[in-house]
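Participant: Structure below; questions to follow.
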Amino acid sequence: MNIEKRFFDTFSIGPDLIAAAPGRVNIIGEHIDYSQGYVLPFAIQDRTYAAVRKRDDNLVRIASLQRKSVVHTYNLEEIRPPMKRGWENYALGVIWALGIDQYITHGVDILIDGQVPLGAGLSSSAALECSVGLGLNTLFDLDHSLEALARIAQSAENDFVGMPCGIMDQSVSLMAKAGFALLLDCRDLTTSHIPFDLAANGLELLVVDTRAHHALVDGGYAARRADCESVARKLGVDSLRDLSMEQIVTQKEKLTEIELIRARHGITEMARVLDSVTALKESNFEQLGRLINLSHASLKDDYAVSCPELDLVVETAQAAGALGARMVGGGFGGSAIALVRAGLAELTSIAIREAFAKSGLKAPRFFPSLPSQGAQII
Ligand code: GLA
């Protein structure tokens, strides 16, 4: 395999093993993983590969095929936050979160081949963390469960990289099964695999990368999360998961107006996920489409994390006859999905391309989306 040869070219020795972890698309359940809600993502086919080798000394050397194989070198002892910003922090963060001294007792060579599109909101960072996490877990015989690895990867991102993400992306990257969507309870990481065979039902899920990235991405995400946590604190519960709309409305004088509408998104979105699972089990795709549309409206109007490019994809797809369309991931750019009848997929893509051209926007990118297998040693 190519990465094996490139590992040899980079480090003059072969790797001990190669791990691969996919990106994700979320069908529904947005911005509620950090409120301990349910989410319903699946793994995409694109994945990130991490070839790793244990060293005899305490050096950590990291390179990426996407960065002209520049080798970054560290001593294990110097790997602790905060570190200078760079893509390699996601991998260093995993080493740190796994436990230097106690568990990561030797240096390692790591070569990354990241095939998950960057900046498209398809979780390339979780794919990177999880490929490195699974690779080192195996290399050092650490025996962590997939749930534990998901929490370690999240800690790398929260505590090392400094992005306060939830647990959805890492969990689905590690736990997804081909052909299924993953119903994940973000409170305890219990899962169930929900059959998601669109082709058998004459449907397709278009994934459209708007190629827009708005400056709000990091600060906006942290602010939304802080609003939800503030609501929970003020109302004396752990998270939005413990609240109903009725409880919010009857205690609304304790909340700011913004907190009230942010909480409304979180609580209604959690219900939409469970309703979507019911719809999927009944093969009621019209209903799934309606819930997807409602999710977008809530993310746009109550949660305010959409942007004109995402709205344009959604509105154009809906006008072209999509059953449902919405933004996915953190928002302020990135990708949207559209659930369409297979016969209309081409026309819908053309309509979206034309709408972007007419608005003077960069041409969007389209990705295929077959629910794929989670992380593996290959
Ligand atoms: C990003 C985060 C996830 C999740 C989504 C929004 O992808 O990494 O944890 O919060 O945004 O649903």
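Here's how to read the names in the structure tokens: chain A, B, ... by the order shown, residue numbers from 1 in each chain, ligand numbers from 1 in the order shown.
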Show me, as JSON lines, the residues of chain A having an atom within 7 Å of ligand 1, each with the closest atom pair and its distance in Å, using only C-alpha atoms and all ligand atoms.

Facilitator:
{"residue": "A:Gly29", "atom": "CA", "partner": "ligand 1", "partner_atom_place_in_ligand_line": "12 (O)", "distance": 6.4}
{"residue": "A:Glu30", "atom": "CA", "partner": "ligand 1", "partner_atom_place_in_ligand_line": "12 (O)", "distance": 3.5}
{"residue": "A:His31", "atom": "CA", "partner": "ligand 1", "partner_atom_place_in_ligand_line": "12 (O)", "distance": 3.5}
{"residue": "A:Ile32", "atom": "CA", "partner": "ligand 1", "partner_atom_place_in_ligand_line": "12 (O)", "distance": 6.0}
{"residue": "A:Asp33", "atom": "CA", "partner": "ligand 1", "partner_atom_place_in_ligand_line": "10 (O)", "distance": 5.5}
{"residue": "A:Tyr34", "atom": "CA", "partner": "ligand 1", "partner_atom_place_in_ligand_line": "10 (O)", "distance": 6.2}
{"residue": "A:Gly121", "atom": "CA", "partner": "ligand 1", "partner_atom_place_in_ligand_line": "7 (O)", "distance": 6.7}
{"residue": "A:Ser123", "atom": "CA", "partner": "ligand 1", "partner_atom_place_in_ligand_line": "7 (O)", "distance": 6.2}
{"residue": "A:Cys165", "atom": "CA", "partner": "ligand 1", "partner_atom_place_in_ligand_line": "9 (O)", "distance": 4.2}
{"residue": "A:Gly166", "atom": "CA", "partner": "ligand 1", "partner_atom_place_in_ligand_line": "9 (O)", "distance": 3.3}
{"residue": "A:Ile167", "atom": "CA", "partner": "ligand 1", "partner_atom_place_in_ligand_line": "9 (O)", "distance": 5.1}
{"residue": "A:Met168", "atom": "CA", "partner": "ligand 1", "partner_atom_place_in_ligand_line": "9 (O)", "distance": 5.0}
{"residue": "A:Asp169", "atom": "CA", "partner": "ligand 1", "partner_atom_place_in_ligand_line": "3 (C)", "distance": 5.7}
{"residue": "A:Gly329", "atom": "CA", "partner": "ligand 1", "partner_atom_place_in_ligand_line": "7 (O)", "distance": 4.3}
{"residue": "A:Gly330", "atom": "CA", "partner": "ligand 1", "partner_atom_place_in_ligand_line": "11 (O)", "distance": 3.4}

Participant: Find the residues around range 75-77 of chain A up to 10 Å (only C-alpha atoms counted), leave out those fewer than 3 positions away in its own chain, and share them as a PyMOL selection string.

Facilitator: chain A and resi 57-61+80+92+95-96+100-101+104-108

Participant: Return the single residue from A:Arg47, A:Arg341, A:Lys300, A:Arg241 that is closest to Gly321 in chain A, with distances computed using only C-alpha atoms.

Facilitator: A:Arg341

Participant: Could you tell me how far CA of Ser298 in chain A sits from CA of Glu157 in chain A, in Å to one decimal place?

Facilitator: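 Atom-to-atom, CA of Glu157 in chain A to CA of Ser298 in chain A, that is 26.7 Å.
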
Participant: Please identify which residues in range 120-318 of chain A DSSP calls strand (DSSP E) from the backbone, and express them as a tab-separated table (two decimals) with all heavy atoms, in the first residue's frame.

Facilitator:
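Resulting contents of states_5.tsv:
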chain	number	residue	atom	x	y	z
A	180	PHE	N	-25.25	1.18	8.24
A	180	PHE	CA	-26.09	1.61	9.36
A	180	PHE	C	-25.79	3.06	9.76
A	180	PHE	O	-24.66	3.51	9.63
A	180	PHE	CB	-25.83	0.74	10.59
A	180	PHE	CG	-26.25	-0.70	10.42
A	180	PHE	CD1	-25.41	-1.60	9.78
A	180	PHE	CD2	-27.49	-1.14	10.87
A	180	PHE	CE1	-25.80	-2.92	9.61
A	180	PHE	CE2	-27.89	-2.45	10.69
A	180	PHE	CZ	-27.04	-3.35	10.06
A	181	ALA	N	-26.84	3.72	10.26
A	181	ALA	CA	-26.61	4.97	10.97
A	181	ALA	C	-26.41	4.61	12.45
A	181	ALA	O	-26.88	3.56	12.90
A	181	ALA	CB	-27.82	5.89	10.81
A	182	LEU	N	-25.70	5.47	13.16
A	182	LEU	CA	-25.40	5.18	14.57
A	182	LEU	C	-26.27	6.06	15.46
A	182	LEU	O	-26.10	7.28	15.46
A	182	LEU	CB	-23.92	5.48	14.84
A	182	LEU	CG	-23.43	5.16	16.24
A	182	LEU	CD1	-23.21	3.66	16.40
A	182	LEU	CD2	-22.13	5.91	16.54
A	183	LEU	N	-27.18	5.43	16.18
A	183	LEU	CA	-27.92	6.20	17.19
A	183	LEU	C	-27.06	6.19	18.44
A	183	LEU	O	-26.84	5.14	19.05
A	183	LEU	CB	-29.29	5.57	17.47
A	183	LEU	CG	-30.07	6.22	18.61
A	183	LEU	CD1	-30.39	7.69	18.31
A	183	LEU	CD2	-31.35	5.44	18.92
A	184	LEU	N	-26.57	7.37	18.79
A	184	LEU	CA	-25.63	7.48	19.92
A	184	LEU	C	-26.27	8.30	21.03
A	184	LEU	O	-26.74	9.41	20.78
A	184	LEU	CB	-24.35	8.17	19.43
A	184	LEU	CG	-23.31	8.52	20.48
A	184	LEU	CD1	-22.57	7.28	20.97
A	184	LEU	CD2	-22.30	9.54	19.92
A	185	ASP	N	-26.27	7.74	22.21
A	185	ASP	CA	-26.71	8.49	23.39
A	185	ASP	C	-25.46	9.14	23.96
A	185	ASP	O	-24.58	8.45	24.50
A	185	ASP	CB	-27.33	7.51	24.39
A	185	ASP	CG	-27.83	8.22	25.64
A	185	ASP	OD1	-27.37	9.34	25.91
A	185	ASP	OD2	-28.67	7.63	26.35
A	190	THR	N	-23.91	4.80	24.87
A	190	THR	CA	-24.55	3.57	24.38
A	190	THR	C	-25.03	3.85	22.95
A	190	THR	O	-25.36	4.98	22.58
A	190	THR	CB	-25.74	3.12	25.26
A	190	THR	OG1	-26.60	4.24	25.43
A	190	THR	CG2	-25.27	2.61	26.60
A	191	THR	N	-25.06	2.78	22.17
A	191	THR	CA	-25.37	2.95	20.74
A	191	THR	C	-26.39	1.92	20.29
A	191	THR	O	-26.52	0.86	20.90
A	191	THR	CB	-24.12	2.72	19.88
A	191	THR	OG1	-23.63	1.40	20.14
A	191	THR	CG2	-23.04	3.74	20.15
A	192	SER	N	-27.11	2.24	19.22
A	192	SER	CA	-27.75	1.17	18.46
A	192	SER	C	-27.59	1.50	16.98
A	192	SER	O	-27.52	2.67	16.59
A	192	SER	CB	-29.19	0.91	18.90
A	192	SER	OG	-29.93	2.06	18.78
A	193	HIS	N	-27.46	0.45	16.20
A	193	HIS	CA	-27.19	0.60	14.77
A	193	HIS	C	-28.51	0.52	14.02
A	193	HIS	O	-29.21	-0.47	14.10
A	193	HIS	CB	-26.19	-0.47	14.32
A	193	HIS	CG	-24.86	-0.35	14.99
A	193	HIS	ND1	-23.89	0.53	14.56
A	193	HIS	CD2	-24.37	-0.93	16.10
A	193	HIS	CE1	-22.85	0.45	15.36
A	193	HIS	NE2	-23.11	-0.43	16.31
A	194	ILE	N	-28.84	1.60	13.30
A	194	ILE	CA	-30.14	1.70	12.63
A	194	ILE	C	-29.91	1.49	11.12
A	194	ILE	O	-29.15	2.27	10.51
A	194	ILE	CB	-30.76	3.10	12.84
A	194	ILE	CG1	-30.70	3.51	14.32
A	194	ILE	CG2	-32.17	3.17	12.28
A	194	ILE	CD1	-31.61	2.74	15.24
A	195	PRO	N	-30.54	0.47	10.51
A	195	PRO	CA	-30.33	0.24	9.08
A	195	PRO	C	-30.60	1.52	8.29
A	195	PRO	O	-31.59	2.22	8.55
A	195	PRO	CB	-31.37	-0.84	8.74
A	195	PRO	CG	-31.62	-1.53	10.03
A	195	PRO	CD	-31.48	-0.48	11.11
A	203	LEU	N	-33.63	6.20	-2.88
A	203	LEU	CA	-33.25	7.53	-2.40
A	203	LEU	C	-31.73	7.71	-2.41
A	203	LEU	O	-30.98	6.73	-2.50
A	203	LEU	CB	-33.75	7.72	-0.96
A	203	LEU	CG	-35.27	7.72	-0.79
A	203	LEU	CD1	-35.62	7.60	0.69
A	203	LEU	CD2	-35.86	9.00	-1.37
A	204	GLU	N	-31.33	8.95	-2.28
A	204	GLU	CA	-29.91	9.27	-2.19
A	204	GLU	C	-29.74	10.42	-1.21
A	204	GLU	O	-30.65	11.25	-1.09
A	204	GLU	CB	-29.42	9.74	-3.56
A	204	GLU	CG	-28.21	8.99	-4.05
A	204	GLU	CD	-27.80	9.44	-5.44
A	204	GLU	OE1	-27.15	10.50	-5.53
A	204	GLU	OE2	-28.18	8.76	-6.41
A	205	LEU	N	-28.61	10.44	-0.55
A	205	LEU	CA	-28.32	11.58	0.31
A	205	LEU	C	-27.16	12.35	-0.32
A	205	LEU	O	-26.05	11.84	-0.40
A	205	LEU	CB	-27.92	11.11	1.71
A	205	LEU	CG	-27.89	12.19	2.78
A	205	LEU	CD1	-29.31	12.59	3.18
A	205	LEU	CD2	-27.13	11.71	4.01
A	206	LEU	N	-27.47	13.55	-0.80
A	206	LEU	CA	-26.40	14.38	-1.38
A	206	LEU	C	-25.67	15.07	-0.25
A	206	LEU	O	-26.30	15.58	0.68
A	206	LEU	CB	-26.99	15.47	-2.27
A	206	LEU	CG	-27.66	15.09	-3.58
A	206	LEU	CD1	-28.19	16.37	-4.25
A	206	LEU	CD2	-26.65	14.40	-4.48
A	207	VAL	N	-24.35	15.08	-0.33
A	207	VAL	CA	-23.56	15.86	0.62
A	207	VAL	C	-22.91	16.98	-0.18
A	207	VAL	O	-22.20	16.72	-1.15
A	207	VAL	CB	-22.48	14.99	1.30
A	207	VAL	CG1	-21.68	15.83	2.28
A	207	VAL	CG2	-23.13	13.80	2.01
A	208	VAL	N	-23.20	18.21	0.21
A	208	VAL	CA	-22.75	19.36	-0.57
A	208	VAL	C	-21.86	20.24	0.29
A	208	VAL	O	-22.31	20.80	1.29
A	208	VAL	CB	-23.96	20.21	-1.04
A	208	VAL	CG1	-23.50	21.27	-2.04
A	208	VAL	CG2	-25.06	19.33	-1.63
A	209	ASP	N	-20.60	20.33	-0.09
A	209	ASP	CA	-19.67	21.21	0.63
A	209	ASP	C	-19.78	22.60	0.02
A	209	ASP	O	-19.46	22.80	-1.15
A	209	ASP	CB	-18.24	20.66	0.49
A	209	ASP	CG	-17.20	21.60	1.08
A	209	ASP	OD1	-17.58	22.52	1.82
A	209	ASP	OD2	-16.00	21.40	0.79
A	210	THR	N	-20.23	23.56	0.82
A	210	THR	CA	-20.41	24.93	0.31
A	210	THR	C	-19.07	25.62	0.05
A	210	THR	O	-19.04	26.64	-0.62
A	210	THR	CB	-21.17	25.80	1.33
A	210	THR	OG1	-20.37	25.86	2.53
A	210	THR	CG2	-22.54	25.22	1.64
A	211	ARG	N	-18.01	25.09	0.65
A	211	ARG	CA	-16.66	25.69	0.59
A	211	ARG	C	-16.62	27.06	1.24
A	211	ARG	O	-15.72	27.86	0.96
A	211	ARG	CB	-16.15	25.71	-0.85
A	211	ARG	CG	-16.12	24.29	-1.41
A	211	ARG	CD	-15.77	24.23	-2.85
A	211	ARG	NE	-14.37	24.49	-3.06
A	211	ARG	CZ	-13.87	24.81	-4.26
A	211	ARG	NH1	-14.67	24.88	-5.30
A	211	ARG	NH2	-12.60	25.03	-4.39
A	212	ALA	N	-17.61	27.32	2.07
A	212	ALA	CA	-17.61	28.58	2.82
A	212	ALA	C	-17.09	28.30	4.23
A	212	ALA	O	-17.39	27.26	4.81
A	212	ALA	CB	-19.03	29.13	2.91
A	213	HIS	N	-16.28	29.21	4.75
A	213	HIS	CA	-15.79	29.10	6.13
A	213	HIS	C	-15.90	30.48	6.73
A	213	HIS	O	-15.16	31.38	6.33
A	213	HIS	CB	-14.32	28.67	6.17
A	213	HIS	CG	-14.06	27.47	5.33
A	213	HIS	ND1	-14.43	26.20	5.71
A	213	HIS	CD2	-13.50	27.35	4.11
A	213	HIS	CE1	-14.12	25.36	4.76
A	213	HIS	NE2	-13.56	26.03	3.77

Participant: Tell me, in Å to one decimal, how far CA of Ala263 in chain A is from CA of Arg233 in chain A.

Facilitator: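 Atom-to-atom, CA of Ala263 in chain A and CA of Arg233 in chain A are spaced 12.2 Å apart.
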
Participant: Between CA of Gly133 in chain A and CA of Gln102 in chain A, what is the distance, to one decimal in Å?

Facilitator: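 Interatomic distance, CA of Gly133 in chain A to CA of Gln102 in chain A: 15.6 Å.
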
Participant: Which one is closest to Phe42 in chain A: A:Met245, A:Leu361, A:Ala120, A:Val328? Count only C-alpha atoms.

Facilitator: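 Under the stated criterion, the closest residue is A:Val328.
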
Participant: Ranking A:Ile112, A:Val161, A:Val70, A:Leu310 by minimum distance to Ile337 in chain A and counting only C-alpha atoms, which one comes first?

Facilitator: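 Comparing A:Ile112, A:Val161, A:Val70, A:Leu310 against Ile337 in chain A, the winner is A:Leu310.
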
Participant: Check range 79-235 of chain A with DSSP on the backbone and list each residue it calls helix (DSSP H, G or I), as a ChimeraX atom specification.

Facilitator: /A:89-99,124-139,146-161,168-175,199-201,217-234
